[in-house]
Amino acid sequence: MTRAAGAGRAPSRPRRERSGRGGPGRDRPGRERAGPVRGAWFLVLPALLPVLVLSVGPLLYGIALAFTDAQSGRAGPTRWIGALNFRDLLHDTLFWESFRIGLVWSAGVTVPQFLLALGLALLLHQDLRLRPLARALAIVPWAMPEVVVGVMWRLVYHPDAGVLNETLRDLGLGDGRDWLGGPATALPAVIVVGVWAGMPQTTVALLAGLQNTPRELHEAAAVDGAGAWRRFRSVTWPALRPVALAITALNLIWNFNAFALVYVLTSGGPGGRTRLPTLFAYEEAFRYGQFGYAAAMGCAMVAVISVILAFHLAARLRGGEDG
Amino acid sequence: MRSGTAARAGQYAALLAYLLFLALPFLWLLSTAFKPPRELGGPHPAWIPRDPTLANFQQAFAEQPLLRAALNSLVAALGAAVVAVLIATPTAYAVARRRTPLGRAATGWVVVSQAFPFVLVIVPLFLVLKNLRMVDSVPGLVLVYVVWALPFALWMLMGYVRAVPAELEEAAAVDGAGRLRTLVSVTAPLLAPGVAATALFAFVTAWNEFFFALVLLKTPERQTLPVVLTRFTGPEGVADLGPLAAAAALATLPSLAVFAVVQRRITSGLLAGAVKG
């Protein structure tokens with residue numbers, strides 16, 4: 001899914017000092033603008049309505065569904081069944097296995113993705129000759145439909161017609177294998193694709209962060225004889241940290257929500273080795289028609305997302321005023 | 001000085017490695033698309049097809065309703081882009097120009113939307129659209145895409161609005177231009193490139209989208225390109241590699257074209273919105 005790479009930089013921390021009823025001096029400009037504010041409501045309404053009907057509404061509806069026995073195409077009325085779905089879910093070992101795979105996938109993609117993107121961003125920040133070409137190429141995976149990315153990598157991994165096995169054969173490293181079909185290699189193979197597909201957004205966000213690093217400070221440190229690593233640690237990283245934190249939290253969440261890539265690559269196979277919780281819930285809802293139970297799974301996933309967000313916010317707050 | 005040269009060489013080597021990692025899979029897709037069945041089935045596939053052919057493209061169009069699907073994708077993506085920008089531009093203007101509780105709510109919503117749990121939303125969304133009799137219809141999908149594109153459209157546009165100096169508008173007002181006149185002849189021209197970039201970005205997002213389209217569109221004639229692409233897998237579960245690669249390469253072209261046009265704008269636009277957020 002295409003996301004706004006810069007979004008993580010929004011002030012997600014509630015700004016009390018601005019929203020509070022500050023001093024009387026602060027109130028006055030607000031009152032002066034009371035007229036246009038009413039106009040603003042009018043301008044905002046067209047955006048507000050669809051968001052409420054198709055976004056906030058379904059979210060609340062979804063949470064409510066988790067407490068019902070809603071099924072697709074059932075004759076009888078849907079009933080409230082309390083926390084029964086959640087009690088079932090607690091004992092659903094298949095789902096928790098899928099949940100574990102989802103966490104492994106999410107962390108397994110996010111960490112290498114960050115490190116690789118950081119390296120690429122640092123390179124692209126340098127005054128290298130091929131920079132415009134490299135910048136353009138670096139965001140190509142971003143432009144591609146996820147389904148095409150999946151199809152493409154299936155061709156790369158293909159046991160016979162794939163380039164990976166052919167290269168291995170050429171190098172004399174054995175006959176290659178069925179990467180996506182083998183129980184041991186399927187998840188790692190899928191994770192590599194996830195890293196590839198998500199690198200551009202992370203790189204662009206980190207490049208933006210790098211543009212904020214004070215160049216004079218960098219030069220001063222170089223004059224003082226600080227090595228590259230030292231300069232990175234003491235000049236670049238402190239300026240980059242807020243962006244790095246934001247994009248990492250977002251990547252964790254995006255990857256945990258991922259669906260299309262793995263759906264196209266393996267459909268969750270072999271034997272459920274790559275069945276992310278999103279795929280699990282999708283099958284539960286649209287193959288078996290268990291709407292209520294699938295909604296309960298969605299709620300369990302939201303809990304994880306909330307934890308990631310909470311950690312992120314805590315880290316931001318600890319980062320202090322400069323963060 | 002010599003260590004500097006060595007470091008430079010290292011940097012170029014690293015950059016080259018990155019570019020190979022990023023570009024090679026795509027080149028392989030192109031190579032596969034032009035290979036005849038003999039080369040696909042046989043041993044030792046080559047980077048450059050020995051016998052390049054266009055048969056895969058022909059077969060792709062014969063096997064699946066690709067034109068129909070491309071048309072559906074086009075309608076969905078254009079509709080989503082146009083409606084999203086029409087709705088988001090006034091909102092972004094209002095939010096970026098005045099500090100109101102709405103501004104904070106909008107920014108908060110942009111952040112929350114990035115963490116949106118699609119799995120939890122898809123079932124109720126399906127049910128809501130079913131009640132509106134809009135399941136399995138392209139207009140229904142457009143509606144979903146609009147809502148889905150709004151947060152980042154808002155985000156980008158807010159950045160572009162802030163980049164238009166308010167002093168210019170004030171100067172126009174001092175010169176006696178009315179509110180509407182100011183908007184039309186001062187703000188709009190300056191904002192237009194940003195609006196275009198936002199629309200194109202929304203277009204690509206909708207063009208590439210898969211999950212909602214998979215769930216919401218059931219009739220084959222109404223499905224979008226990404227959904228149709230997944231159907232190249234035959235009944236026995238074996239994909240017809242050549243036509244699949246050909247169709248996948250074609251499906252990428254519009255997105256790549258758009259990205260090539262607005263590449264600089266998208267990155268700088270997102271960053272502008274971000275830095276001043």
# chains A, B, ... in the order shown; residues from 1 in each chain; ligands from 1
$ interface_residues --of "chain B" --to "chain A" --cutoff "6 Å" --atoms "only C-alpha atoms" --output "list in words"
Leu29, Leu40, Pro45, Ile87, Pro90, Thr91, Ala94, Val119, Leu120, Val121, Pro124, Leu125, Val147, Phe152, Thr205, Asn208, Pro226, Ala248, Thr252, Ser255, Leu256, Leu270, Leu271, Ala274 and Gly277 of chain B
$ residues_around --residues "Ser234 in chain A" --least-positions-apart "2" --cutoff "12 Å" --atoms "only C-alpha atoms" --output "ChimeraX atom specification"
/A:213-214,217-218,220-222,226-232,236-241
$ write_last_selection --atoms "N, CA, C and O atoms" --output "JSON list (two decimals), in the first residue's frame"
[["chain", "number", "residue", "atom", "x", "y", "z"],
["A", 213, "THR", "N", 19.86, 17.72, 9.20],
["A", 213, "THR", "CA", 21.09, 17.73, 10.00],
["A", 213, "THR", "C", 21.90, 18.97, 9.66],
["A", 213, "THR", "O", 22.04, 19.34, 8.49],
["A", 214, "PRO", "N", 22.40, 19.61, 10.66],
["A", 214, "PRO", "CA", 23.15, 20.85, 10.45],
["A", 214, "PRO", "C", 24.47, 20.58, 9.76],
["A", 214, "PRO", "O", 25.35, 19.90, 10.30],
["A", 217, "LEU", "N", 27.69, 21.95, 11.45],
["A", 217, "LEU", "CA", 28.13, 21.15, 12.58],
["A", 217, "LEU", "C", 28.96, 19.98, 12.09],
["A", 217, "LEU", "O", 29.98, 19.61, 12.66],
["A", 218, "HIS", "N", 28.49, 19.40, 10.97],
["A", 218, "HIS", "CA", 29.17, 18.27, 10.36],
["A", 218, "HIS", "C", 30.58, 18.67, 9.96],
["A", 218, "HIS", "O", 31.56, 17.99, 10.25],
["A", 220, "ALA", "N", 32.30, 21.24, 11.02],
["A", 220, "ALA", "CA", 33.09, 21.59, 12.20],
["A", 220, "ALA", "C", 33.67, 20.33, 12.84],
["A", 220, "ALA", "O", 34.85, 20.27, 13.21],
["A", 221, "ALA", "N", 32.82, 19.29, 12.91],
["A", 221, "ALA", "CA", 33.28, 18.04, 13.52],
["A", 221, "ALA", "C", 34.40, 17.44, 12.68],
["A", 221, "ALA", "O", 35.38, 16.89, 13.21],
["A", 222, "ALA", "N", 34.27, 17.54, 11.34],
["A", 222, "ALA", "CA", 35.31, 17.00, 10.45],
["A", 222, "ALA", "C", 36.62, 17.75, 10.65],
["A", 222, "ALA", "O", 37.69, 17.14, 10.71],
["A", 226, "ALA", "N", 37.03, 14.46, 13.79],
["A", 226, "ALA", "CA", 36.15, 13.35, 14.12],
["A", 226, "ALA", "C", 36.00, 12.45, 12.89],
["A", 226, "ALA", "O", 35.80, 12.93, 11.78],
["A", 227, "GLY", "N", 36.10, 11.14, 13.09],
["A", 227, "GLY", "CA", 35.97, 10.19, 11.99],
["A", 227, "GLY", "C", 34.51, 10.10, 11.54],
["A", 227, "GLY", "O", 33.62, 10.70, 12.14],
["A", 228, "ALA", "N", 34.30, 9.32, 10.46],
["A", 228, "ALA", "CA", 32.97, 9.22, 9.89],
["A", 228, "ALA", "C", 31.97, 8.67, 10.91],
["A", 228, "ALA", "O", 30.87, 9.18, 11.08],
["A", 229, "TRP", "N", 32.38, 7.61, 11.60],
["A", 229, "TRP", "CA", 31.47, 6.98, 12.56],
["A", 229, "TRP", "C", 31.14, 7.94, 13.69],
["A", 229, "TRP", "O", 30.01, 8.09, 14.10],
["A", 230, "ARG", "N", 32.18, 8.61, 14.18],
["A", 230, "ARG", "CA", 32.03, 9.57, 15.26],
["A", 230, "ARG", "C", 31.08, 10.70, 14.84],
["A", 230, "ARG", "O", 30.18, 11.11, 15.59],
["A", 231, "ARG", "N", 31.25, 11.18, 13.60],
["A", 231, "ARG", "CA", 30.38, 12.26, 13.13],
["A", 231, "ARG", "C", 28.94, 11.77, 13.02],
["A", 231, "ARG", "O", 28.01, 12.48, 13.36],
["A", 232, "PHE", "N", 28.79, 10.51, 12.54],
["A", 232, "PHE", "CA", 27.44, 9.97, 12.44],
["A", 232, "PHE", "C", 26.79, 9.91, 13.81],
["A", 232, "PHE", "O", 25.66, 10.33, 14.01],
["A", 236, "THR", "N", 24.90, 13.37, 13.08],
["A", 236, "THR", "CA", 23.81, 12.93, 12.22],
["A", 236, "THR", "C", 22.69, 12.26, 13.01],
["A", 236, "THR", "O", 21.52, 12.63, 12.90],
["A", 237, "TRP", "N", 23.07, 11.29, 13.82],
["A", 237, "TRP", "CA", 22.04, 10.48, 14.49],
["A", 237, "TRP", "C", 21.11, 11.29, 15.38],
["A", 237, "TRP", "O", 19.89, 11.11, 15.32],
["A", 238, "PRO", "N", 21.64, 12.20, 16.22],
["A", 238, "PRO", "CA", 20.71, 12.97, 17.07],
["A", 238, "PRO", "C", 19.66, 13.71, 16.25],
["A", 238, "PRO", "O", 18.50, 13.80, 16.66],
["A", 239, "ALA", "N", 20.06, 14.23, 15.09],
["A", 239, "ALA", "CA", 19.09, 14.96, 14.27],
["A", 239, "ALA", "C", 18.14, 14.00, 13.57],
["A", 239, "ALA", "O", 16.99, 14.34, 13.28],
["A", 240, "LEU", "N", 18.61, 12.80, 13.30],
["A", 240, "LEU", "CA", 17.83, 11.83, 12.53],
["A", 240, "LEU", "C", 16.87, 11.03, 13.43],
["A", 240, "LEU", "O", 15.89, 10.48, 12.95],
["A", 241, "ARG", "N", 17.19, 10.99, 14.71],
["A", 241, "ARG", "CA", 16.48, 10.09, 15.62],
["A", 241, "ARG", "C", 14.96, 10.20, 15.58],
["A", 241, "ARG", "O", 14.29, 9.16, 15.47]]
$ closest_residue --among "A:Arg177, A:Val307, A:Ala246, A:Glu283" --to "Val215 in chain B" --atoms "only C-alpha atoms"
A:Glu283
$ residues_around --residues "range 131-146 of chain B" --least-positions-apart "5" --cutoff "10 Å" --atoms "only C-alpha atoms" --output "VMD selection string"
(chain A and resid 47 50 to 51 54 to 55) or (chain B and resid 72 to 73 75 to 85 87 to 88 125 to 126 151 153 202 to 203 205 to 207 209 212 to 220 222 to 224)
$ atom_distance --atom1 "CA of Leu180 in chain B" --atom2 "CA of Leu168 in chain B"
14.1 Å
$ atom_distance --atom1 "CA of Pro159 in chain A" --atom2 "CA of Asp51 in chain B"
21.4 Å
$ closest_residue --among "A:Leu180, A:Ser267, A:Tyr293, A:Arg316" --to "Phe67 in chain A" --atoms "only C-alpha atoms"
A:Tyr293
$ select_by_dssp --residues "range 207-293 of chain A" --states "helix (DSSP H, G or I)" --output "PyMOL selection string"
chain A and resi 207-211+215-223+228-256+260-265+277-286+291-293
$ residues_around --residues "Gly269 in chain A" --least-positions-apart "2" --cutoff "9 Å" --atoms "only C-alpha atoms" --output "list in words"
Leu180, Gly181, Pro183, Ala186, Leu265, Thr266, Ser267, Gly271, Gly272, Arg273, Thr274 and Arg275 of chain A
$ atom_distance --atom1 "CA of Thr203 in chain A" --atom2 "CA of His125 in chain A"
10.5 Å
$ closest_residue --among "B:Leu86, B:Ala115, B:Val164, B:Glu63" --to "Val195 in chain B" --atoms "only C-alpha atoms"
B:Leu86
